[in-house]
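*Asks:* See start-v7.txt below, with compact mmCIF, C-alpha atoms and all ligand atoms.
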# COMPACT_ATOMS: atom_id res chain seq x y z
CA MET A 79 73.02 40.92 15.70
CA ILE A 80 75.02 40.14 12.57
CA ALA A 81 76.68 36.75 12.44
CA HIS A 82 78.75 35.03 9.80
CA LYS A 83 80.05 32.22 11.95
CA LYS A 84 79.59 28.52 11.36
CA GLU A 85 78.46 28.17 14.96
CA PHE A 86 74.69 28.66 15.03
CA GLY A 87 74.06 28.59 18.78
CA PRO A 88 72.92 32.12 19.57
CA GLU A 89 71.85 32.86 15.99
CA ARG A 90 69.63 29.80 15.87
CA ALA A 91 68.06 30.72 19.19
CA GLN A 92 67.34 34.19 17.84
CA LEU A 93 65.81 32.72 14.67
CA LEU A 94 63.55 30.47 16.76
CA GLN A 95 62.49 33.41 18.89
CA TYR A 96 61.59 35.43 15.79
CA LEU A 97 59.63 32.54 14.24
CA ARG A 98 57.76 31.87 17.50
CA SER A 99 56.82 35.48 18.17
CA SER A 100 55.69 36.33 14.61
CA ALA A 101 52.27 35.82 13.07
CA LYS A 102 52.69 37.57 9.73
CA ILE A 103 55.92 36.29 8.26
CA LEU A 104 56.98 37.42 4.81
CA VAL A 105 59.26 34.83 3.22
CA PHE A 106 61.36 36.01 0.28
CA THR A 107 63.06 33.25 -1.73
CA GLY A 108 65.71 32.91 -4.42
CA ALA A 109 67.54 30.24 -6.40
CA GLY A 110 69.39 28.92 -3.35
CA ILE A 111 66.29 27.17 -2.02
CA SER A 112 65.72 25.16 -5.20
CA THR A 113 69.16 23.72 -5.82
CA GLY A 114 68.11 20.88 -3.48
CA SER A 115 65.30 20.12 -5.94
CA GLY A 116 67.68 19.71 -8.86
CA ILE A 117 66.89 23.09 -10.40
CA PRO A 118 70.14 24.34 -11.94
CA ASP A 119 71.32 27.81 -11.07
CA PHE A 120 71.48 29.28 -14.55
CA ARG A 121 73.84 32.03 -13.41
CA GLY A 122 76.54 29.62 -12.22
CA PRO A 123 79.84 28.69 -13.92
CA ASP A 124 78.13 25.87 -15.83
CA GLY A 125 75.00 27.93 -16.34
CA VAL A 126 73.15 28.10 -19.60
CA TRP A 127 74.14 31.72 -20.24
CA LYS A 128 77.70 30.56 -20.82
CA ARG A 129 76.44 28.77 -23.94
CA ARG A 130 73.45 30.80 -25.08
CA GLN A 131 72.58 34.41 -25.61
CA PRO A 132 69.41 35.36 -23.79
CA VAL A 133 66.48 36.39 -25.97
CA TYR A 134 65.19 39.83 -25.10
CA TYR A 135 61.45 40.39 -24.96
CA ASP A 136 61.33 42.93 -27.78
CA ASP A 137 63.21 40.52 -30.04
CA PHE A 138 60.83 37.70 -29.10
CA MET A 139 57.87 39.84 -30.14
CA ARG A 140 59.58 41.02 -33.33
CA SER A 141 61.39 38.03 -34.77
CA GLU A 142 60.40 34.43 -35.55
CA ALA A 143 64.08 33.43 -35.29
CA ALA A 144 64.21 34.87 -31.78
CA ARG A 145 61.02 33.00 -30.84
CA ILE A 146 62.55 29.76 -32.13
CA GLU A 147 65.71 30.39 -30.11
CA HIS A 148 63.66 31.11 -26.95
CA TRP A 149 61.48 28.03 -27.34
CA ASP A 150 64.57 25.92 -28.03
CA TYR A 151 66.20 27.19 -24.84
CA LYS A 152 63.02 26.61 -22.83
CA LEU A 153 62.61 23.14 -24.33
CA GLU A 154 66.13 22.28 -23.18
CA GLY A 155 65.22 23.02 -19.56
CA TRP A 156 61.62 21.86 -19.61
CA ALA A 157 62.06 18.23 -18.50
CA GLY A 158 64.15 19.38 -15.53
CA PHE A 159 61.48 21.82 -14.37
CA ARG A 160 58.62 19.39 -15.04
CA ASP A 161 60.25 16.64 -12.99
CA ALA A 162 61.58 18.80 -10.11
CA ARG A 163 59.97 18.22 -6.74
CA PRO A 164 59.68 20.60 -3.78
CA ASN A 165 62.20 20.04 -1.01
CA ALA A 166 62.22 20.44 2.78
CA THR A 167 62.48 24.24 2.58
CA HIS A 168 59.33 24.55 0.42
CA ALA A 169 57.59 22.15 2.81
CA ALA A 170 58.69 24.15 5.87
CA ILE A 171 57.11 27.29 4.39
CA VAL A 172 53.85 25.35 3.95
CA GLN A 173 54.12 24.30 7.61
CA LEU A 174 54.40 27.97 8.59
CA GLU A 175 51.19 28.63 6.68
CA LYS A 176 49.40 25.73 8.39
CA ALA A 177 50.57 27.14 11.72
CA ARG A 178 48.95 30.48 10.70
CA LYS A 179 52.24 32.30 10.79
CA LEU A 180 52.72 32.96 7.09
CA LEU A 181 51.65 36.25 5.58
CA ALA A 182 53.07 35.57 2.11
CA VAL A 183 55.83 34.14 -0.02
CA VAL A 184 57.45 36.47 -2.53
CA THR A 185 59.78 34.53 -4.80
CA GLN A 186 62.26 35.26 -7.55
CA ASN A 187 62.10 31.61 -8.60
CA ILE A 188 60.36 30.52 -11.79
CA ASP A 189 60.24 26.81 -10.94
CA GLY A 190 56.69 26.81 -9.54
CA LEU A 191 57.82 24.71 -6.57
CA HIS A 192 56.12 26.83 -3.87
CA ALA A 193 52.75 26.27 -5.51
CA ARG A 194 53.52 22.60 -6.04
CA ALA A 195 54.49 22.23 -2.37
CA GLY A 196 51.09 23.59 -1.35
CA THR A 197 51.61 27.30 -0.63
CA SER A 198 48.23 28.99 -1.22
CA ILE A 199 48.05 30.90 -4.48
CA GLY A 200 46.65 33.94 -2.65
CA LYS A 201 49.76 34.06 -0.51
CA LEU A 202 52.23 33.60 -3.36
CA VAL A 203 53.81 36.25 -5.59
CA GLU A 204 56.09 34.89 -8.31
CA LEU A 205 57.83 38.13 -9.25
CA HIS A 206 59.73 36.66 -12.19
CA GLY A 207 56.84 34.54 -13.45
CA THR A 208 56.65 30.78 -13.71
CA ASN A 209 57.60 27.93 -16.01
CA SER A 210 54.43 26.12 -14.92
CA PHE A 211 52.30 27.87 -17.55
CA ILE A 212 52.44 29.09 -21.12
CA GLU A 213 50.95 32.54 -21.62
CA CYS A 214 49.60 34.31 -24.67
CA GLN A 215 51.32 37.66 -25.10
CA THR A 216 48.13 39.18 -26.53
CA CYS A 217 45.11 37.82 -24.62
CA ARG A 218 47.07 36.56 -21.53
CA THR A 219 45.32 33.18 -21.62
CA ARG A 220 47.36 30.59 -19.72
CA SER A 221 47.69 26.95 -20.67
CA SER A 222 49.61 23.82 -19.76
CA PRO A 223 53.18 23.67 -21.15
CA GLU A 224 53.48 20.02 -22.21
CA PRO A 225 51.43 20.08 -25.45
CA HIS A 226 53.19 23.24 -26.62
CA PHE A 227 56.65 21.83 -26.00
CA GLU A 228 55.65 18.61 -27.75
CA SER A 229 54.40 20.60 -30.72
CA PHE A 230 57.58 22.68 -30.85
CA ARG A 231 59.74 19.58 -30.52
CA GLN A 232 58.07 18.03 -33.57
CA THR A 233 57.61 21.06 -35.81
CA ARG A 234 60.26 23.55 -34.59
CA ARG A 235 57.55 26.18 -35.00
CA PRO A 236 56.84 28.42 -32.00
CA PRO A 237 53.24 27.85 -30.89
CA VAL A 238 50.61 30.53 -31.50
CA CYS A 239 47.39 31.23 -29.56
CA LYS A 240 43.92 30.80 -31.07
CA CYS A 241 43.72 34.61 -30.94
CA GLY A 242 46.85 34.87 -33.11
CA GLY A 243 49.08 36.08 -30.26
CA PHE A 244 52.53 34.64 -29.59
CA LEU A 245 52.73 32.03 -26.83
CA LYS A 246 55.61 32.19 -24.38
CA PRO A 247 56.44 30.45 -21.10
CA ALA A 248 54.99 32.70 -18.37
CA THR A 249 58.38 33.85 -17.09
CA ILE A 250 59.61 37.42 -17.17
CA SER A 251 62.08 37.66 -20.06
CA PHE A 252 65.17 39.79 -20.28
CA GLY A 253 64.09 43.31 -21.10
CA GLN A 254 60.53 42.63 -19.93
CA ASN A 255 59.04 44.58 -17.03
CA LEU A 256 57.80 42.78 -13.96
CA ARG A 257 54.01 42.75 -13.74
CA ALA A 258 52.80 45.87 -12.00
CA GLU A 259 50.12 43.93 -10.09
CA ASP A 260 52.76 41.53 -8.73
CA ILE A 261 54.95 44.39 -7.50
CA LYS A 262 51.93 46.05 -5.93
CA GLN A 263 50.84 42.87 -4.17
CA ALA A 264 54.39 42.19 -2.92
CA GLU A 265 54.67 45.75 -1.59
CA GLU A 266 51.35 45.36 0.17
CA PHE A 267 52.57 42.21 1.88
CA ALA A 268 55.80 43.99 2.83
CA SER A 269 53.77 46.74 4.46
CA LYS A 270 51.93 44.23 6.69
CA ALA A 271 54.63 41.73 7.69
CA ASP A 272 55.88 41.44 11.27
CA LEU A 273 58.99 39.46 10.27
CA VAL A 274 60.81 39.14 6.96
CA VAL A 275 63.04 36.16 6.12
CA ALA A 276 65.12 36.08 2.92
CA LEU A 277 66.10 32.54 1.93
CA GLY A 278 68.66 31.54 -0.70
CA SER A 279 68.85 34.87 -2.47
CA THR A 280 71.93 36.98 -3.12
CA LEU A 281 69.54 39.96 -2.95
CA SER A 282 71.21 41.43 -6.00
CA VAL A 283 68.34 41.54 -8.51
CA TYR A 284 66.12 44.60 -8.36
CA PRO A 285 63.32 45.53 -8.02
CA ALA A 286 62.73 42.12 -6.36
CA ALA A 287 65.36 42.69 -3.65
CA ASN A 288 63.57 45.88 -2.58
CA ILE A 289 60.66 43.86 -1.21
CA PRO A 290 62.33 42.41 1.92
CA LEU A 291 64.17 45.66 2.44
CA SER A 292 60.97 47.72 2.37
CA ALA A 293 59.45 45.45 5.04
CA ALA A 294 62.59 45.75 7.16
CA ALA A 295 62.68 49.52 6.72
CA ARG A 296 59.50 49.66 8.82
CA GLY A 297 61.51 48.31 11.73
CA VAL A 298 60.42 44.66 11.69
CA PRO A 299 63.12 42.02 12.17
CA TYR A 300 64.92 40.99 8.97
CA VAL A 301 66.65 37.61 8.76
CA ILE A 302 68.88 36.60 5.85
CA ILE A 303 69.82 32.94 5.39
CA ASN A 304 72.09 32.21 2.44
CA ARG A 305 75.19 30.27 1.51
CA GLY A 306 77.66 32.92 0.42
CA PRO A 307 77.54 36.70 0.56
CA THR A 308 74.48 38.76 -0.28
CA GLU A 309 74.36 42.37 -1.39
CA GLN A 310 72.42 43.34 1.74
CA ASP A 311 74.94 41.90 4.22
CA GLY A 312 75.82 44.62 6.67
CA PHE A 313 72.75 46.73 5.93
CA ARG A 314 71.48 48.22 9.17
CA GLU A 315 67.99 46.77 8.46
CA VAL A 316 69.38 43.21 8.73
CA THR A 317 68.86 42.00 12.30
CA LEU A 318 70.07 38.41 11.87
CA ARG A 319 72.32 36.79 9.27
CA LEU A 320 72.83 33.03 9.06
CA GLU A 321 75.50 31.77 6.68
CA GLY A 322 74.96 28.33 5.14
CA ASP A 323 72.68 26.15 3.07
CA VAL A 324 69.04 27.11 3.65
CA GLY A 325 68.03 23.44 3.66
CA ASP A 326 70.42 22.76 6.55
CA ILE A 327 69.08 25.62 8.65
CA PHE A 328 65.49 26.64 7.93
CA PRO A 329 63.36 23.45 7.90
CA SER A 330 64.62 22.21 11.27
CA ALA A 331 64.21 25.68 12.78
CA VAL A 332 60.60 25.87 11.58
CA ALA A 333 59.86 22.39 12.90
CA GLN A 334 61.22 23.36 16.30
CA ALA A 335 59.52 26.77 16.35
CA ILE A 336 56.01 25.48 15.64
CA ALA A 337 56.28 22.25 17.66
ZN ZN B 401 45.72 34.76 -27.10
Would you kindly transcribe this structure into structure tokens?
*Replies:*
Amino acid sequence: MIAHKKEFGPERAQLLQYLRSSAKILVFTGAGISTGSGIPDFRGPDGVWKRRQPVYYDDFMRSEAARIEHWDYKLEGWAGFRDARPNATHAAIVQLEKARKLLAVVTQNIDGLHARAGTSIGKLVELHGTNSFIECQTCRTRSSPEPHFESFRQTRRPPVCKCGGFLKPATISFGQNLRAEDIKQAEEFASKADLVVALGSTLSVYPAANIPLSAAARGVPYVIINRGPTEQDGFREVTLRLEGDVGDIFPSAVAQAIA
């Protein structure tokens, strides 16, 4: 059943039925679930990429000027990420886990809000990395962001690891491959799920958008909830499509399904 109507009667009933009858739900999330937490959508008309050129990973590794530009860009957004709080959608996903219905969360988001909301780390794959840590590009040691941003703010010098490696927020940069172990883990979850729900993603960024599709290709129900079109609308794997803000639809459905 594919639906694009504002009337959620039958679609909502179908969503509830899916949530009630599933025990291994794979939730796939994108930027649309975090706008309610004040995280700006950097791709939008007022997005940062209208003002800045993204720093590619190779340039970051090669050039001090590129590292300064990247740290300056990350510093600009840091307070917003640090102060963002999970919203009702993140909380609803935690409720699914407490109800023993959640297999995993695979997210494109770098805001760290699933972890902050309480989703277990073992059930969470952050495909595009996270702003919650700084990572050494040589020894992979992770550390807390605040001291590094404070240091950069004062000195304008990009921080360096004790090992001599370059430190960078632990997000996947432009031109940087996703971590192979993250892809592998996400694919494993996709191979075990009995329901896949994509929330707030336009499903246009690959390879991430392959994850829900590969679960659905096995014949399990595939629900897409998003405000605005997605690139997988109309795919035969999609069994239910709800149009609208995820926060208006998903949390109340979860509450009703696990009550
Ligand atoms: Zn290091």
*Asks:* Write out as a PDB file with C-alpha atoms, keeping the file's coordinate frame each polymer residue whose atoms come within 9 Å of stretch 231-246 of chain A, counting only C-alpha atoms; drop sequence neighbours fewer than 4 positions from it.
*Replies:*
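Dumped to out-v2.pdb:
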ATOM      1  CA  PHE A 138      60.830  37.700 -29.100  1.00  0.00           C
ATOM      2  CA  MET A 139      57.870  39.840 -30.140  1.00  0.00           C
ATOM      3  CA  GLU A 142      60.400  34.430 -35.550  1.00  0.00           C
ATOM      4  CA  ARG A 145      61.020  33.000 -30.840  1.00  0.00           C
ATOM      5  CA  ILE A 146      62.550  29.760 -32.130  1.00  0.00           C
ATOM      6  CA  HIS A 148      63.660  31.110 -26.950  1.00  0.00           C
ATOM      7  CA  TRP A 149      61.480  28.030 -27.340  1.00  0.00           C
ATOM      8  CA  ASP A 150      64.570  25.920 -28.030  1.00  0.00           C
ATOM      9  CA  LEU A 153      62.610  23.140 -24.330  1.00  0.00           C
ATOM     10  CA  PHE A 211      52.300  27.870 -17.550  1.00  0.00           C
ATOM     11  CA  ILE A 212      52.440  29.090 -21.120  1.00  0.00           C
ATOM     12  CA  GLU A 213      50.950  32.540 -21.620  1.00  0.00           C
ATOM     13  CA  CYS A 214      49.600  34.310 -24.670  1.00  0.00           C
ATOM     14  CA  GLN A 215      51.320  37.660 -25.100  1.00  0.00           C
ATOM     15  CA  THR A 216      48.130  39.180 -26.530  1.00  0.00           C
ATOM     16  CA  CYS A 217      45.110  37.820 -24.620  1.00  0.00           C
ATOM     17  CA  ARG A 218      47.070  36.560 -21.530  1.00  0.00           C
ATOM     18  CA  THR A 219      45.320  33.180 -21.620  1.00  0.00           C
ATOM     19  CA  HIS A 226      53.190  23.240 -26.620  1.00  0.00           C
ATOM     20  CA  PHE A 227      56.650  21.830 -26.000  1.00  0.00           C
TER      21      PHE A 227
END
*Asks:* If I wrap all listed atoms of stretch 169-173 of chain A in a box with edges along x, y and z and add 3 Å on each side, what are its centre and edge lengths in Å to one decimal, as JSON?
*Replies:*
{"center_x": 56.3, "center_y": 24.7, "center_z": 5.2, "size_x": 10.8, "size_y": 11.1, "size_z": 10.8}
*Asks:* Can you tell me which residues surround A:Thr185 at a distance of at most 7 Å, considering all atoms listed in the file, apart from same-chain residues fewer than 3 positions away, and format the answer as a VMD selection string?
*Replies:* chain A and resid 106 to 108 203 to 205
*Asks:* As an exercise, work out the distance from atom CA of A:Leu320 to atom CA of A:Leu94 in Å and give it to one decimal place.
*Replies:* 12.3 Å
*Asks:* So which residues fall inside 10 Å of (50.5, 29.3, 12.0) if we count all atoms listed in the file? Mind giving them as a PyMOL selection string?
*Replies:* chain A and resi 97-98+100-103+172-181+336
*Asks:* Tell me, counting all atoms listed in the file, for each residue of stretch 231-285 of chain A within 12 Å of stretch 189-193 of chain A, which pair of atoms is nearest and how far apart they are in Å to one decimal, in rows ordered by chain and increasing number, as a tab-separated table.
*Replies:*
residue	atom	partner	partner_atom	distance
A:Pro247	CA	A:Asp189	CA	11.4
A:Ala248	CA	A:Gly190	CA	10.7
A:Thr249	CA	A:Asp189	CA	9.5
*Asks:* So how many Å separate atom CA of A:Glu147 and atom CA of A:Val133, to one decimal?
*Replies:*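 Answer for the atom CA of A:Glu147 to atom CA of A:Val133 separation: 7.3 Å.
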*Asks:* Using only C-alpha atoms and all ligand atoms, which of A:Pro299, A:Asn255, A:Pro307, A:Ser221 sits nearest ligand ZN 401 (chain B)?
*Replies:* A:Ser221
*Asks:* Calculate how many Å separate atom CA of A:Pro164 from atom CA of A:Ala195, rounding to one decimal.
*Replies:*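 Calculated distance between atom CA of A:Pro164 and atom CA of A:Ala195 is 5.6 Å.
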*Asks:* Measuring atom to atom with all atoms listed in the file, identify which of A:Arg257, A:Lys262, A:Arg163, A:Arg90 is nearest to A:Ile111.
*Replies:*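 Once distances to A:Ile111 are computed over all atoms listed in the file, the minimum belongs to A:Arg163.
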*Asks:* Between A:Val301, A:Ala170, A:Val332, A:Ala109, which one has atoms that come closest to A:Arg319, using only C-alpha atoms?
*Replies:* A:Val301
*Asks:* List as a VMD selection string the protein and nucleic acid residues near A:Tyr300, meaning an atom at most 6 Å away when only C-alpha atoms are counted, but skip any in the same chain fewer than 2 places from it.
*Replies:* chain A and resid 274 to 275 294 316 to 317
*Asks:* Please determine, counting all atoms listed in the file, which residue among A:Arg220, A:Ala91, A:Tyr96, A:Tyr151 has the shortest atom-to-atom distance to ligand ZN 401 (chain B).
*Replies:* A:Arg220
*Asks:* Identify which of the residues A:Glu224, A:Asp260, A:Asp323, A:Asp137 lies closest to A:Gly278, counting all atoms listed in the file when measuring atom-to-atom distances.
*Replies:*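 Of the candidates, the smallest distance to A:Gly278 is held by A:Asp323.
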*Asks:* Neighbours of A:Lys201 within 8 Å (all atoms listed in the file; same-chain residues fewer than 4 positions away dropped), as a list of chain:residue names?
*Replies:*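 Using all atoms listed in the file, the neighbours found are A:Leu181, A:Ala182, A:Val183, A:Thr197.
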*Asks:* Please save C-alpha atoms of the selected residues as a CSV table (one decimal), keeping the file's coordinate frame.
*Replies:*
chain,number,residue,atom,x,y,z
A,181,LEU,CA,51.6,36.2,5.6
A,182,ALA,CA,53.1,35.6,2.1
A,183,VAL,CA,55.8,34.1,0.0
A,197,THR,CA,51.6,27.3,-0.6
*Asks:* Between A:Ser141, A:Gln95, A:Ser269, A:Gln131, which is the closest to A:Arg296 once you count all atoms listed in the file?
*Replies:*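 The answer is A:Ser269, which sits nearest to A:Arg296.
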*Asks:* What's the 9 Å shell around A:Glu309, counting all atoms listed in the file, without same-chain residues fewer than 4 positions away, as a list of chain:residue names?
*Replies:*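 Surrounding residues, per the criterion: A:Thr280, A:Leu281, A:Ser282, A:Phe313.
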